[in-house]
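Asker: So that we are looking at the same thing, I have put the structure below in structure tokens.
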Amino acid sequence: MKLTLIGGGGVRAVLFTKSLTLKAEDAGITKLVLHDTDEEQLAIISKLCQIVIDRSGINLQLETTTDSREAIKGADYIVTTVRVGKEWSRYVDEQIALKHGVIGQETTGPAGFSMAIRTIPVLMEYCEIAKELAPQAWIFNFSNPSGLVTQALRNAGYDRVIGICDSPSHTKLRMAEALEIDPKELEVEFFGLNHLSWMTKVIYQGKDIMSELKNDPDFTSRVDEFKMFDTDLLKSLPFLPNEYLYYYYHREKAFANIVKSGMTRGQMIAENNKEMLDILRKMDIESNPDEAIQTYLYYTQKREASYMAIETNSESKPVLPTDKLELPNSLGYAGVMLDFVESLQTGETNNIVLSVPNEGSIEGFADNDVVEISCIITKDGAKPVQIGSVPEEMSLLMKNVKLFERLTVEAVKHKSRDLAIQALTVHPLVNSYSIAKLLVDDYLEAYKDILGDWK
Ligand code: G6P
Ligand code: MN
């Protein structure tokens, strides 16, 4: 079976390949195609991916192409991880938001809006090609803002698109680590929207320990995803929050920390990746596989060790260039998708968190509202678990953001400035018509070459 990674020249493709080597045989995947429009970066990254495959000893054929039709033709699985406008655009998105006094975050709020309006049209084109050349393929959308982009693709009728985020599964791993137990012993349940979700249940040895955990500062301070929240907030909330809710529950702190640091996450990542690629570009990667992989791992760990450090005003964990670094043996970023594929192949059910249409799961939401939710995966695909009614404060927040998403999808469809302003006006991180208008003007101006004319 053929798996195509769109955006395969991205720096995360190497970790993706590593995860794939751990599960490709079980999942029946024999060919990996890396597709990217940046030929030079694709050449560098694919050499690293080849080293990872060679070292794994598995039978996985690697191909690269800049041609989207060739990449997609006959694919069984397609993963999309694109950044339209490249890394500098993340920085621009953040700066424009900050200039108008609101948080710039690539997945939520105005910067996420800007990323979405660039990403949706491009992914529509890929889906159209898939409809023609790989109609049976499942499409896993990793591109941020993942939930919003998945909503747009579903609305356009691409019903084999699944939105994926590694955050829920990652949180479960960190929780198991803090509890010093095997993650397989923990069963969690999530509901919400992507990067706006809550964990309703944590089952351990047949008992729901969620309430116990959220009320225990000793536990929450040991989990990266929870330690930035006020412990009183965690006690008062009925459920444990996804880490991105930090931008909502502690909005002014996040904003002040970013401003104080004089740096943004986008800027930091762009510099980190540029430094790495400059070194790799000069290196004969095939003759120096160890050195190349060590360089890659050093910059990858630096990026991961500083995750949310700026926003939460915390120290990055030190990464020493002298350490002998290893590629992780966990499935990480690609794991959610590979669990899904495994269930489709073997029929063995899996419980995973995905962005899929609500279909009656959360009360008060339309069947076709894409939500991020625990799903049971079988040979036939994903079915959300039944959540039912949810606390009003959560339902209201989700509704605001869902309305923002729907308006954004319509704004892109009609290239409408008015709809774009309406969308940002209702977003809880903007919540002002006048700011929304300034933001839309600036984003459309900054990206007029990519977006064309909006009326
Ligand atoms: C988490 C989120 C992803 C996001 C990534 C960004 O894994 O779930 O959606 O892309 O963090 O991290 P970065 O290192 O790029 O800030
Ligand atoms: Mn995510």
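Just remember, in the structure tokens the first chain shown is A, the second B, etc., residues are 1-based per chain, and ligands are 1-based in the order shown.
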Going by DSSP on the backbone, which residues of segment 211-419 of chain A come out as strand (DSSP E or B)? List them as a list in words.
Answerer: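 Written out, the strand (DSSP E or B) residues of segment 211-419 of chain A are Leu240, Pro241, Asn350, Asn351, Ile352, Val353, Leu354, Ser355, Val356, Pro357, Ile362, Val370, Val371, Glu372, Ile373, Ser374, Cys375, Ile376, Ile377, Thr378, Gly381, Ala382, Lys383, Pro384 and Gly388 of chain A.
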Asker: To test your reading of the structure, identify every residue in segment 157-343 of chain A that backbone DSSP assigns to helix (DSSP H, G or I), and report it as a VMD selection string.
Answerer: chain A and resid 167 to 179 183 to 185 210 to 214 217 to 220 231 to 236 243 to 249 251 to 261 265 to 282 289 to 305 309 to 312 332 to 343
Asker: Output the selection as an mmCIF file, in the first residue's frame - C-alpha atoms for each residue.
Answerer:
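Okay, result25.cif is ready:
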```
data_model
loop_
_atom_site.group_PDB
_atom_site.id
_atom_site.type_symbol
_atom_site.label_atom_id
_atom_site.label_comp_id
_atom_site.auth_asym_id
_atom_site.auth_seq_id
_atom_site.Cartn_x
_atom_site.Cartn_y
_atom_site.Cartn_z
ATOM 1 C CA SER A 167 -2.010 16.679 21.498
ATOM 2 C CA PRO A 168 -4.586 14.351 23.166
ATOM 3 C CA SER A 169 -2.457 11.224 22.764
ATOM 4 C CA HIS A 170 0.644 13.123 23.833
ATOM 5 C CA THR A 171 -1.136 14.363 26.956
ATOM 6 C CA LYS A 172 -2.102 10.798 27.827
ATOM 7 C CA LEU A 173 1.552 9.711 27.508
ATOM 8 C CA ARG A 174 2.747 12.540 29.752
ATOM 9 C CA MET A 175 0.063 11.690 32.321
ATOM 10 C CA ALA A 176 1.110 8.030 32.364
ATOM 11 C CA GLU A 177 4.720 9.129 32.803
ATOM 12 C CA ALA A 178 3.803 11.327 35.781
ATOM 13 C CA LEU A 179 1.813 8.459 37.295
ATOM 14 C CA PRO A 183 0.036 4.352 29.075
ATOM 15 C CA LYS A 184 -1.921 1.289 27.985
ATOM 16 C CA GLU A 185 -3.352 1.168 31.491
ATOM 17 C CA MET A 210 -10.026 12.482 36.552
ATOM 18 C CA SER A 211 -11.394 14.425 39.478
ATOM 19 C CA GLU A 212 -8.660 13.196 41.794
ATOM 20 C CA LEU A 213 -5.958 14.174 39.277
ATOM 21 C CA LYS A 214 -7.205 17.662 38.482
ATOM 22 C CA PRO A 217 -1.303 20.110 42.179
ATOM 23 C CA ASP A 218 1.510 17.668 42.753
ATOM 24 C CA PHE A 219 0.280 15.706 39.728
ATOM 25 C CA THR A 220 -0.697 18.624 37.459
ATOM 26 C CA THR A 231 -4.287 25.196 40.120
ATOM 27 C CA ASP A 232 -7.491 26.821 41.392
ATOM 28 C CA LEU A 233 -8.791 26.913 37.829
ATOM 29 C CA LEU A 234 -8.101 23.193 37.435
ATOM 30 C CA LYS A 235 -9.983 22.517 40.642
ATOM 31 C CA SER A 236 -12.975 24.587 39.567
ATOM 32 C CA GLU A 243 -3.044 22.894 26.785
ATOM 33 C CA TYR A 244 -4.243 25.354 24.124
ATOM 34 C CA LEU A 245 -7.005 26.472 26.478
ATOM 35 C CA TYR A 246 -4.217 28.367 28.224
ATOM 36 C CA TYR A 247 -4.729 31.054 25.549
ATOM 37 C CA TYR A 248 -8.362 31.402 26.650
ATOM 38 C CA TYR A 249 -8.266 30.904 30.418
ATOM 39 C CA ARG A 251 -5.300 35.153 27.769
ATOM 40 C CA GLU A 252 -3.673 38.309 29.161
ATOM 41 C CA LYS A 253 -0.808 36.336 30.694
ATOM 42 C CA ALA A 254 -0.012 34.637 27.390
ATOM 43 C CA PHE A 255 -0.134 37.991 25.622
ATOM 44 C CA ALA A 256 2.086 39.728 28.196
ATOM 45 C CA ASN A 257 4.630 36.875 28.169
ATOM 46 C CA ILE A 258 4.956 36.970 24.390
ATOM 47 C CA VAL A 259 5.361 40.748 24.366
ATOM 48 C CA LYS A 260 7.853 40.662 27.248
ATOM 49 C CA SER A 261 10.022 38.015 25.599
ATOM 50 C CA ARG A 265 7.307 30.953 18.693
ATOM 51 C CA GLY A 266 7.189 31.339 14.907
ATOM 52 C CA GLN A 267 10.360 33.393 14.907
ATOM 53 C CA MET A 268 12.122 30.910 17.157
ATOM 54 C CA ILE A 269 11.107 27.932 15.005
ATOM 55 C CA ALA A 270 12.049 29.701 11.775
ATOM 56 C CA GLU A 271 15.523 30.491 13.155
ATOM 57 C CA ASN A 272 15.975 26.994 14.563
ATOM 58 C CA ASN A 273 15.001 25.303 11.301
ATOM 59 C CA LYS A 274 17.055 27.675 9.188
ATOM 60 C CA GLU A 275 20.164 27.010 11.259
ATOM 61 C CA MET A 276 19.636 23.264 10.906
ATOM 62 C CA LEU A 277 18.989 23.353 7.176
ATOM 63 C CA ASP A 278 22.049 25.568 6.594
ATOM 64 C CA ILE A 279 24.231 22.930 8.243
ATOM 65 C CA LEU A 280 22.583 20.011 6.449
ATOM 66 C CA ARG A 281 22.788 21.765 3.096
ATOM 67 C CA LYS A 282 26.581 21.904 3.360
ATOM 68 C CA PRO A 289 24.610 9.599 8.182
ATOM 69 C CA ASP A 290 25.432 9.686 11.910
ATOM 70 C CA GLU A 291 26.414 13.319 11.925
ATOM 71 C CA ALA A 292 23.381 14.270 9.831
ATOM 72 C CA ILE A 293 20.942 12.463 12.113
ATOM 73 C CA GLN A 294 22.591 13.924 15.214
ATOM 74 C CA THR A 295 22.268 17.426 13.758
ATOM 75 C CA TYR A 296 18.624 16.770 12.971
ATOM 76 C CA LEU A 297 17.924 15.425 16.466
ATOM 77 C CA TYR A 298 19.694 18.281 18.200
ATOM 78 C CA TYR A 299 17.509 20.904 16.488
ATOM 79 C CA THR A 300 14.375 18.784 16.870
ATOM 80 C CA GLN A 301 14.935 18.443 20.594
ATOM 81 C CA LYS A 302 15.671 22.145 20.916
ATOM 82 C CA ARG A 303 12.329 22.861 19.262
ATOM 83 C CA GLU A 304 10.445 20.416 21.444
ATOM 84 C CA ALA A 305 12.194 21.474 24.654
ATOM 85 C CA ALA A 309 8.047 28.277 26.806
ATOM 86 C CA ILE A 310 7.626 31.842 25.510
ATOM 87 C CA GLU A 311 3.877 31.978 26.120
ATOM 88 C CA THR A 312 4.060 30.544 29.608
ATOM 89 C CA GLY A 332 4.501 10.412 18.321
ATOM 90 C CA TYR A 333 3.185 12.600 15.620
ATOM 91 C CA ALA A 334 2.221 9.863 13.118
ATOM 92 C CA GLY A 335 0.977 7.451 15.778
ATOM 93 C CA VAL A 336 -2.654 8.567 15.756
ATOM 94 C CA MET A 337 -2.908 8.033 12.030
ATOM 95 C CA LEU A 338 -1.126 4.670 12.192
ATOM 96 C CA ASP A 339 -3.489 3.424 14.914
ATOM 97 C CA PHE A 340 -6.382 4.358 12.639
ATOM 98 C CA VAL A 341 -4.813 2.556 9.669
ATOM 99 C CA GLU A 342 -4.132 -0.514 11.797
ATOM 100 C CA SER A 343 -7.817 -0.760 12.772
#
```
Asker: Near segment 410-425 of chain A, counting only C-alpha atoms, which residues have an atom at most 8 Å away, once you skip same-chain residues fewer than 2 positions from it, shown as a tab-separated table (two decimals) with C-alpha atoms, in the first residue's frame?
Answerer:
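Written out: selection-v1.tsv:
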```tsv
chain	number	residue	atom	x	y	z
A	109	GLY	CA	-7.30	33.06	17.06
A	110	PRO	CA	-6.31	35.52	14.34
A	113	PHE	CA	-7.40	32.38	10.86
A	117	ILE	CA	-7.40	31.14	4.69
A	120	ILE	CA	-7.87	25.78	2.69
A	121	PRO	CA	-7.71	26.58	-1.06
A	403	LEU	CA	-19.32	29.94	14.42
A	404	PHE	CA	-15.94	31.58	13.76
A	405	GLU	CA	-14.88	28.44	11.86
A	406	ARG	CA	-18.04	28.27	9.77
A	407	LEU	CA	-17.81	31.97	8.87
A	408	THR	CA	-14.12	31.55	7.98
A	427	HIS	CA	-13.71	34.76	17.94
A	430	VAL	CA	-10.59	38.99	19.27
A	431	ASN	CA	-14.14	39.80	20.26
A	432	SER	CA	-14.24	43.26	18.67
A	433	TYR	CA	-15.47	44.40	15.28
A	435	ILE	CA	-9.96	44.95	15.77
A	436	ALA	CA	-11.31	42.26	13.44
A	437	LYS	CA	-11.45	44.79	10.63
A	440	VAL	CA	-8.49	41.30	8.08
A	453	ASP	CA	-8.45	39.83	-4.48
A	454	TRP	CA	-11.07	39.64	-1.77
A	455	LYS	CA	-14.19	41.76	-2.15
```
Asker: Show me, as a PDB file with C-alpha atoms, in the first residue's frame, the residues that have an atom within 8 Å of Trp138 of chain A when counting only C-alpha atoms, minus same-chain residues fewer than 6 positions from it.
Answerer:
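around-v7.pdb written:
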```pdb
ATOM      1  CA  ASP A  76      -4.165   4.428  -0.236  1.00  0.00           C
ATOM      2  CA  TYR A  77      -3.423   6.994   2.457  1.00  0.00           C
ATOM      3  CA  ILE A  78      -2.646  10.678   2.124  1.00  0.00           C
ATOM      4  CA  ARG A 160     -12.826  10.686   3.673  1.00  0.00           C
ATOM      5  CA  VAL A 161     -10.933  13.482   5.410  1.00  0.00           C
ATOM      6  CA  ILE A 162     -10.014  13.023   9.071  1.00  0.00           C
TER       7      ILE A 162
END
```
Asker: Would you pick out the contacts of Ser114 of chain A at 12 Å or less, using only C-alpha atoms, so that residues sharing its chain but fewer than 5 positions from it are not included, and give the list as number ranges by chain?
Answerer: A: 83-85, 89-97, 104-109, 119-120, 144-145, 148-149, 405, 408-409, 411-412, 420-421, 423-424, 436, 439-448, 450-451
Asker: For a test of reading the model, state the distance in Å between atom CA of Gly206 of chain A and atom CA of Ile387 of chain A, rounded to one decimal.
Answerer: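 One can read the atom CA of Gly206 of chain A to atom CA of Ile387 of chain A distance as 19.0 Å.
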Asker: Please indicate the distance in Å from atom CA of Pro391 of chain A to atom CA of Val356 of chain A, rounded to one decimal place.
Answerer: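 Calculated distance between atom CA of Pro391 of chain A and atom CA of Val356 of chain A is 20.9 Å.
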